[in-house]
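To keep things clear, I will list the structure first and then write my remarks on it.
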Amino acid sequence: MVKPSVLVTRRWPAAVEAQLVENYNAVLNTRDKPMSPTEIRDALKHYDAVLPTVTDTLSAEALDVPAAQTKILANYGVGYSHICEPSARELGMTVTNTPDVLSECTADLAMTLLLMVARRAGEGERELRAGHWTGWRPTHLIGTKVSGKTLGIIGFGRIGQAMARRAHHGFGMKIVVQNRSRVSPDVLKLCNATQVESVDDLLPRCDFVSLHCPGGATNRHLINARRLDLMKPDAFLINTARGEVVDEFALIQALMFDVIGGAALDVFDGEPRISPDLLQCDKLVMLPHLGSATRESREAMGFRVLDNLSDFFAGRTPRDQVI
Ligand SMILES: NC(=O)c1ccc[n+]([C@@H]2O[C@H](COP(=O)([O-])OP(=O)(O)OC[C@H]3O[C@@H](n4cnc5c(N)ncnc54)[C@H](O)[C@@H]3O)[C@@H](O)[C@H]2O)c1
Ligand SMILES: O=C(O)[C@H](O)CO
């Protein structure tokens with residue numbers, strides 16, 4: 001039997017690549033450079049499966065391929081807002097993602113960012129490495145206590161709940177959540193969380209606000225100038241969701257004019273390009289999209305893609321089918 005042809009758009013962990021090559025007629029991207037829209041369109045014409053990541057833009061334009069050979073986009077990652085849903089549907093393509101296996105590690109990173117921005121860890125490290133540390137003193141780099149404070153979580157799905165567990169059970173934080181749909185009382189009870197009706201209700205109540213909703217057009221600029229204004233002047237914003245969820249221009253203004261206390265970002269609008277103005281903000285911690293970047297999660301994400309592919313090619317519904 002001819003093995004299905006599979007294109008992998010980036011380097012993946014070695015053990016997963018080895019399995020892909022064994023099971024499929026797989027082409028790996030040994031250059032590890034993001035594919036251009038033309039390369040993506042070309043791939044859709046020639047491969048049975050394309051395995052993209054967040055760095056590939058599968059826009060309406062890229063998916064405008066009349067005689068596509070590709071029947072499945074098996075995404076490496078849980079967020080799939082880089083794939084145009086209506087176009088994928090129109091082409092009859094199946095789309096899968098890799099939930100769960102990265103939730104704990106992404107929540108760890110969100111907590112890392114929360115602690116770093118509250119305790120001014122980035123500023124401290126920059127000062128020390130620049131050789132500007134003059135020694136311990138009572139007024140040096142005074143941060144904010146985390147324990148017992150109120151954390152607002154926008155998007156109470158897998159990662160939002162993992163974040164709440166860390167904050168509540170580890171740091172005694174009070175949890176307030178806002179989610180698109182109603183959260184079951186049993187789930188709220190696990191962290192003694194309160195669900196509010198809207199983002200506008202949540203923001204003024206919180207000392208920290210952490211974003212865990214998907215990106216895409218619907219959530220673009222969910223956090224804008226008006227909503228930043230609703231936050232407490234000493235509150236902190238943490239974003240490990242998607243860059244477009246926050247209006248970066250509004251955030252820069254809010255940081256420059258002390259509208260909020262600080263922010264910590266793992267994701268950026270138009271990444272890896274970073275607005276030069278963000279680099280000037282001292283009260284900002286920035287990491288290069290590291291949420292799921294552990295050996296364990298990245299391998300598990302790859303094996304989850306393999307599971308989805310083997311279901312699909314065996315004629316079964318993949319466990320992680322999202323489109
Ligand atoms: N930084 C990283 O490396 C990294 C890693 C993994 C995931 N992510 C991002 O995190 C997102 C969440 O992942 P997940 O597995 O928790 O997804 P999930 O589907 O389990 O949870 C998302 C939740 O957000 C809710 N939601 C959607 N829009 C909302 C809105 N406007 N207001 C309030 N709630 C809203 C949904 O109802 C859902 O409960 C992904 O889509 C991805 O973009 C980032
Ligand atoms: O959505 C995801 O899974 C991350 O952003 C990339 O791993």
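Please note that chains go A, B, ... in the order of the structure tokens, that every chain numbers its residues from 1, and that ligands are numbered from 1 in the order shown.
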
### Query
Running DSSP on the backbone, which parts of stretch 77-232 of chain A land in alpha helix (DSSP H), as a PyMOL selection string?
chain A and resi 85-90+103-118+121-129+158-165+171+185-190+199-202+225-230

### Message
Any residue with an atom at most 7 Å from ligand 2 counts, using only C-alpha atoms and all ligand atoms. Which are they? Put them as a count of residues only.
### Response
10

Could you produce a table of the residues of chain A lying within 8 Å of ligand 1, with the nearest pair of atoms per residue and their separation in Å rounded to one decimal, using only C-alpha atoms and all ligand atoms, ordered by chain and increasing residue number, as a tab-separated table?
```
residue	atom	partner	partner_atom_place_in_ligand_line	distance
A:Gly77	CA	ligand 1	6 (C)	6.6
A:Val78	CA	ligand 1	7 (C)	5.5
A:Gly79	CA	ligand 1	41 (O)	3.7
A:Tyr80	CA	ligand 1	41 (O)	6.7
A:Ser81	CA	ligand 1	43 (O)	7.2
A:Pro99	CA	ligand 1	15 (O)	5.3
A:Asp100	CA	ligand 1	15 (O)	6.3
A:Leu102	CA	ligand 1	6 (C)	6.2
A:Ser103	CA	ligand 1	15 (O)	6.1
A:Thr106	CA	ligand 1	5 (C)	5.3
A:Leu109	CA	ligand 1	1 (N)	8.0
A:Ile154	CA	ligand 1	33 (C)	5.0
A:Gly155	CA	ligand 1	24 (O)	3.3
A:Phe156	CA	ligand 1	39 (O)	4.6
A:Gly157	CA	ligand 1	21 (O)	3.3
A:Arg158	CA	ligand 1	16 (O)	3.9
A:Ile159	CA	ligand 1	16 (O)	3.7
A:Gly160	CA	ligand 1	16 (O)	5.6
A:Gln161	CA	ligand 1	16 (O)	7.6
A:Gln178	CA	ligand 1	33 (C)	5.3
A:Asn179	CA	ligand 1	34 (N)	3.5
A:Arg180	CA	ligand 1	34 (N)	4.0
A:Ser181	CA	ligand 1	37 (O)	5.4
A:Ser198	CA	ligand 1	32 (N)	7.8
A:Val199	CA	ligand 1	32 (N)	7.0
A:His212	CA	ligand 1	12 (C)	4.9
A:Cys213	CA	ligand 1	24 (O)	3.6
A:Pro214	CA	ligand 1	41 (O)	3.4
A:Gly215	CA	ligand 1	43 (O)	5.3
A:Thr218	CA	ligand 1	31 (N)	7.1
A:Asn219	CA	ligand 1	31 (N)	5.3
A:Leu222	CA	ligand 1	31 (N)	6.8
A:Asn239	CA	ligand 1	1 (N)	7.7
A:Thr240	CA	ligand 1	1 (N)	4.1
A:Ala241	CA	ligand 1	9 (C)	3.9
A:Arg242	CA	ligand 1	43 (O)	5.0
A:Asp266	CA	ligand 1	1 (N)	5.6
A:Val267	CA	ligand 1	1 (N)	6.0
A:His289	CA	ligand 1	3 (O)	5.1
A:Leu290	CA	ligand 1	3 (O)	5.2
A:Gly291	CA	ligand 1	3 (O)	3.2
A:Ser292	CA	ligand 1	3 (O)	4.8
A:Ala293	CA	ligand 1	3 (O)	7.1
```

Based on the selection just made, write N, CA and C atoms of those residues as a compact mmCIF listing (two decimals), in the first residue's frame.
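So part_34.txt came out as:
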```txt
# COMPACT_ATOMS: atom_id res chain seq x y z
N GLY A 77 0.12 22.11 17.77
CA GLY A 77 -0.21 23.22 18.66
C GLY A 77 -1.70 23.20 18.90
N VAL A 78 -2.12 23.80 20.01
CA VAL A 78 -3.56 23.78 20.32
C VAL A 78 -4.30 24.91 19.63
N GLY A 79 -3.67 26.11 19.56
CA GLY A 79 -4.32 27.26 18.92
C GLY A 79 -4.25 27.09 17.40
N TYR A 80 -5.37 27.34 16.74
CA TYR A 80 -5.36 27.17 15.27
C TYR A 80 -5.97 28.39 14.58
N SER A 81 -5.84 29.55 15.22
CA SER A 81 -6.43 30.76 14.63
C SER A 81 -5.64 31.23 13.40
N PRO A 99 -4.49 19.47 21.93
CA PRO A 99 -4.83 20.00 23.25
C PRO A 99 -4.25 19.16 24.39
N ASP A 100 -4.43 19.62 25.60
CA ASP A 100 -4.14 18.91 26.87
C ASP A 100 -2.66 18.73 27.16
N LEU A 102 -0.09 20.20 26.48
CA LEU A 102 0.74 21.38 26.75
C LEU A 102 0.11 22.30 27.80
N SER A 103 -1.05 21.90 28.33
CA SER A 103 -1.78 22.82 29.23
C SER A 103 -0.97 23.14 30.49
N THR A 106 2.12 25.31 29.72
CA THR A 106 1.78 26.69 29.34
C THR A 106 1.31 27.46 30.58
N LEU A 109 4.23 28.57 32.51
CA LEU A 109 4.88 29.76 31.95
C LEU A 109 4.07 31.03 32.26
N ILE A 154 -9.35 35.27 31.82
CA ILE A 154 -10.27 35.43 30.68
C ILE A 154 -10.05 34.24 29.75
N GLY A 155 -11.05 33.37 29.64
CA GLY A 155 -10.93 32.12 28.89
C GLY A 155 -10.61 31.01 29.87
N PHE A 156 -11.68 30.38 30.41
CA PHE A 156 -11.48 29.37 31.47
C PHE A 156 -11.61 27.97 30.87
N GLY A 157 -10.70 27.69 29.91
CA GLY A 157 -10.65 26.35 29.31
C GLY A 157 -9.54 25.56 30.00
N ARG A 158 -8.86 24.73 29.19
CA ARG A 158 -7.85 23.83 29.76
C ARG A 158 -6.70 24.61 30.44
N ILE A 159 -6.13 25.59 29.72
CA ILE A 159 -4.97 26.30 30.28
C ILE A 159 -5.41 27.29 31.36
N GLY A 160 -6.53 27.97 31.14
CA GLY A 160 -7.06 28.90 32.15
C GLY A 160 -7.28 28.18 33.47
N GLN A 161 -7.84 26.96 33.40
CA GLN A 161 -8.09 26.21 34.65
C GLN A 161 -6.78 25.75 35.29
N GLN A 178 -13.88 34.82 33.54
CA GLN A 178 -14.84 35.20 32.51
C GLN A 178 -14.61 34.22 31.37
N ASN A 179 -15.68 33.59 30.96
CA ASN A 179 -15.58 32.59 29.90
C ASN A 179 -16.74 32.78 28.95
N ARG A 180 -16.50 32.41 27.69
CA ARG A 180 -17.57 32.59 26.69
C ARG A 180 -18.85 31.86 27.09
N SER A 181 -18.71 30.65 27.61
CA SER A 181 -19.92 29.90 28.04
C SER A 181 -19.90 29.75 29.57
N SER A 198 -19.02 39.50 32.29
CA SER A 198 -18.33 40.11 31.14
C SER A 198 -16.90 40.48 31.50
N VAL A 199 -16.10 40.73 30.46
CA VAL A 199 -14.71 41.19 30.66
C VAL A 199 -14.74 42.51 31.45
N HIS A 212 -6.39 33.63 28.50
CA HIS A 212 -6.28 32.22 28.08
C HIS A 212 -7.36 31.84 27.07
N CYS A 213 -7.82 32.82 26.30
CA CYS A 213 -8.81 32.54 25.24
C CYS A 213 -8.06 32.31 23.93
N PRO A 214 -8.72 31.79 22.90
CA PRO A 214 -8.04 31.68 21.60
C PRO A 214 -7.88 33.06 20.95
N GLY A 215 -7.03 33.10 19.92
CA GLY A 215 -6.89 34.33 19.14
C GLY A 215 -7.92 34.36 18.03
N THR A 218 -12.41 37.10 16.14
CA THR A 218 -13.41 37.40 17.18
C THR A 218 -12.78 38.01 18.42
N ASN A 219 -11.60 37.56 18.76
CA ASN A 219 -10.97 38.04 20.00
C ASN A 219 -9.90 39.10 19.75
N LEU A 222 -9.44 42.24 22.12
CA LEU A 222 -10.36 42.07 23.26
C LEU A 222 -9.92 42.99 24.40
N ASN A 239 -0.23 37.88 29.12
CA ASN A 239 -0.79 37.30 27.88
C ASN A 239 0.06 36.15 27.37
N THR A 240 -0.50 34.93 27.52
CA THR A 240 0.11 33.75 26.88
C THR A 240 -0.85 33.20 25.83
N ALA A 241 -1.89 33.99 25.46
CA ALA A 241 -2.92 33.48 24.53
C ALA A 241 -2.45 33.67 23.09
N ARG A 242 -2.76 34.81 22.52
CA ARG A 242 -2.27 35.18 21.18
C ARG A 242 -2.04 36.69 21.18
N ASP A 266 4.01 36.64 26.34
CA ASP A 266 4.72 35.53 25.70
C ASP A 266 4.42 35.53 24.20
N VAL A 267 3.43 36.30 23.80
CA VAL A 267 2.96 36.30 22.41
C VAL A 267 2.76 37.74 21.93
N HIS A 289 7.47 33.43 22.93
CA HIS A 289 6.48 32.37 22.69
C HIS A 289 6.97 31.00 23.21
N LEU A 290 7.18 30.94 24.51
CA LEU A 290 7.77 29.73 25.12
C LEU A 290 6.76 28.85 25.83
N GLY A 291 5.46 29.22 25.76
CA GLY A 291 4.45 28.52 26.57
C GLY A 291 4.59 27.01 26.63
N SER A 292 4.65 26.37 25.47
CA SER A 292 4.68 24.90 25.46
C SER A 292 6.09 24.34 25.30
N ALA A 293 7.09 25.23 25.46
CA ALA A 293 8.46 24.83 25.12
C ALA A 293 9.14 24.02 26.23
```

### Task
Compile the contact shell of A:Val246 as a VMD selection string: residues with an atom at most 12 Å away, counting only C-alpha atoms, same-chain residues fewer than 2 positions apart removed.
chain A and resid 210 to 217 219 to 228 237 to 244 248 to 252 254 263 to 270

### Task
List the neighbours of A:Ala14 out to 12 Å using only C-alpha atoms; skip same-chain residues closer than 2 positions along the sequence, and give me the result as a ChimeraX atom specification.
/A:10-12,16-21,28,30,295,298-299,302-303

Selection from above, N, CA and C atoms, as an mmCIF file, in the first residue's frame, can you write it?
```cif
data_model
loop_
_atom_site.group_PDB
_atom_site.id
_atom_site.type_symbol
_atom_site.label_atom_id
_atom_site.label_comp_id
_atom_site.auth_asym_id
_atom_site.auth_seq_id
_atom_site.Cartn_x
_atom_site.Cartn_y
_atom_site.Cartn_z
ATOM 1 N N ARG A 10 7.953 22.573 9.965
ATOM 2 C CA ARG A 10 9.095 22.999 10.779
ATOM 3 C C ARG A 10 9.830 21.777 11.313
ATOM 4 N N ARG A 11 11.001 21.971 11.934
ATOM 5 C CA ARG A 11 11.657 20.857 12.642
ATOM 6 C C ARG A 11 10.810 20.472 13.836
ATOM 7 N N TRP A 12 10.676 19.192 14.092
ATOM 8 C CA TRP A 12 9.959 18.674 15.267
ATOM 9 C C TRP A 12 10.953 17.857 16.096
ATOM 10 N N VAL A 16 9.804 12.177 17.169
ATOM 11 C CA VAL A 16 8.546 12.295 16.424
ATOM 12 C C VAL A 16 8.828 12.288 14.923
ATOM 13 N N GLU A 17 9.869 13.011 14.527
ATOM 14 C CA GLU A 17 10.226 13.016 13.097
ATOM 15 C C GLU A 17 10.539 11.590 12.635
ATOM 16 N N ALA A 18 11.258 10.821 13.472
ATOM 17 C CA ALA A 18 11.623 9.450 13.101
ATOM 18 C C ALA A 18 10.361 8.615 12.875
ATOM 19 N N GLN A 19 9.391 8.784 13.748
ATOM 20 C CA GLN A 19 8.130 8.032 13.620
ATOM 21 C C GLN A 19 7.355 8.450 12.366
ATOM 22 N N LEU A 20 7.386 9.753 12.089
ATOM 23 C CA LEU A 20 6.686 10.244 10.888
ATOM 24 C C LEU A 20 7.286 9.637 9.626
ATOM 25 N N VAL A 21 8.629 9.583 9.607
ATOM 26 C CA VAL A 21 9.321 9.053 8.427
ATOM 27 C C VAL A 21 9.040 7.547 8.277
ATOM 28 N N LEU A 28 10.457 16.469 5.552
ATOM 29 C CA LEU A 28 10.720 17.316 6.723
ATOM 30 C C LEU A 28 11.305 18.647 6.262
ATOM 31 N N THR A 30 14.024 20.645 6.834
ATOM 32 C CA THR A 30 15.316 20.659 7.533
ATOM 33 C C THR A 30 15.879 22.075 7.650
ATOM 34 N N ARG A 295 10.587 19.856 26.766
ATOM 35 C CA ARG A 295 10.855 18.611 26.031
ATOM 36 C C ARG A 295 9.608 17.721 26.050
ATOM 37 N N ARG A 298 6.588 19.247 23.938
ATOM 38 C CA ARG A 298 6.815 19.279 22.495
ATOM 39 C C ARG A 298 6.831 17.872 21.889
ATOM 40 N N GLU A 299 7.333 16.890 22.630
ATOM 41 C CA GLU A 299 7.266 15.502 22.129
ATOM 42 C C GLU A 299 5.827 15.011 22.126
ATOM 43 N N GLY A 302 3.824 16.257 19.269
ATOM 44 C CA GLY A 302 4.133 15.544 18.033
ATOM 45 C C GLY A 302 3.445 14.189 17.977
ATOM 46 N N PHE A 303 3.482 13.464 19.110
ATOM 47 C CA PHE A 303 2.835 12.136 19.101
ATOM 48 C C PHE A 303 1.310 12.268 19.004
#
```

### Task
Could you check which of A:Val209, A:Ile142, A:Leu278, A:Met163 is closest to A:Cys105, using only C-alpha atoms?
A:Met163

#### Entry: Counting only C-alpha atoms, the residue of A:Arg166, A:His140, A:Lys149, A:Arg319 that sits nearest A:Glu123
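Counting only C-alpha atoms, the residue closest to A:Glu123 is A:His140.
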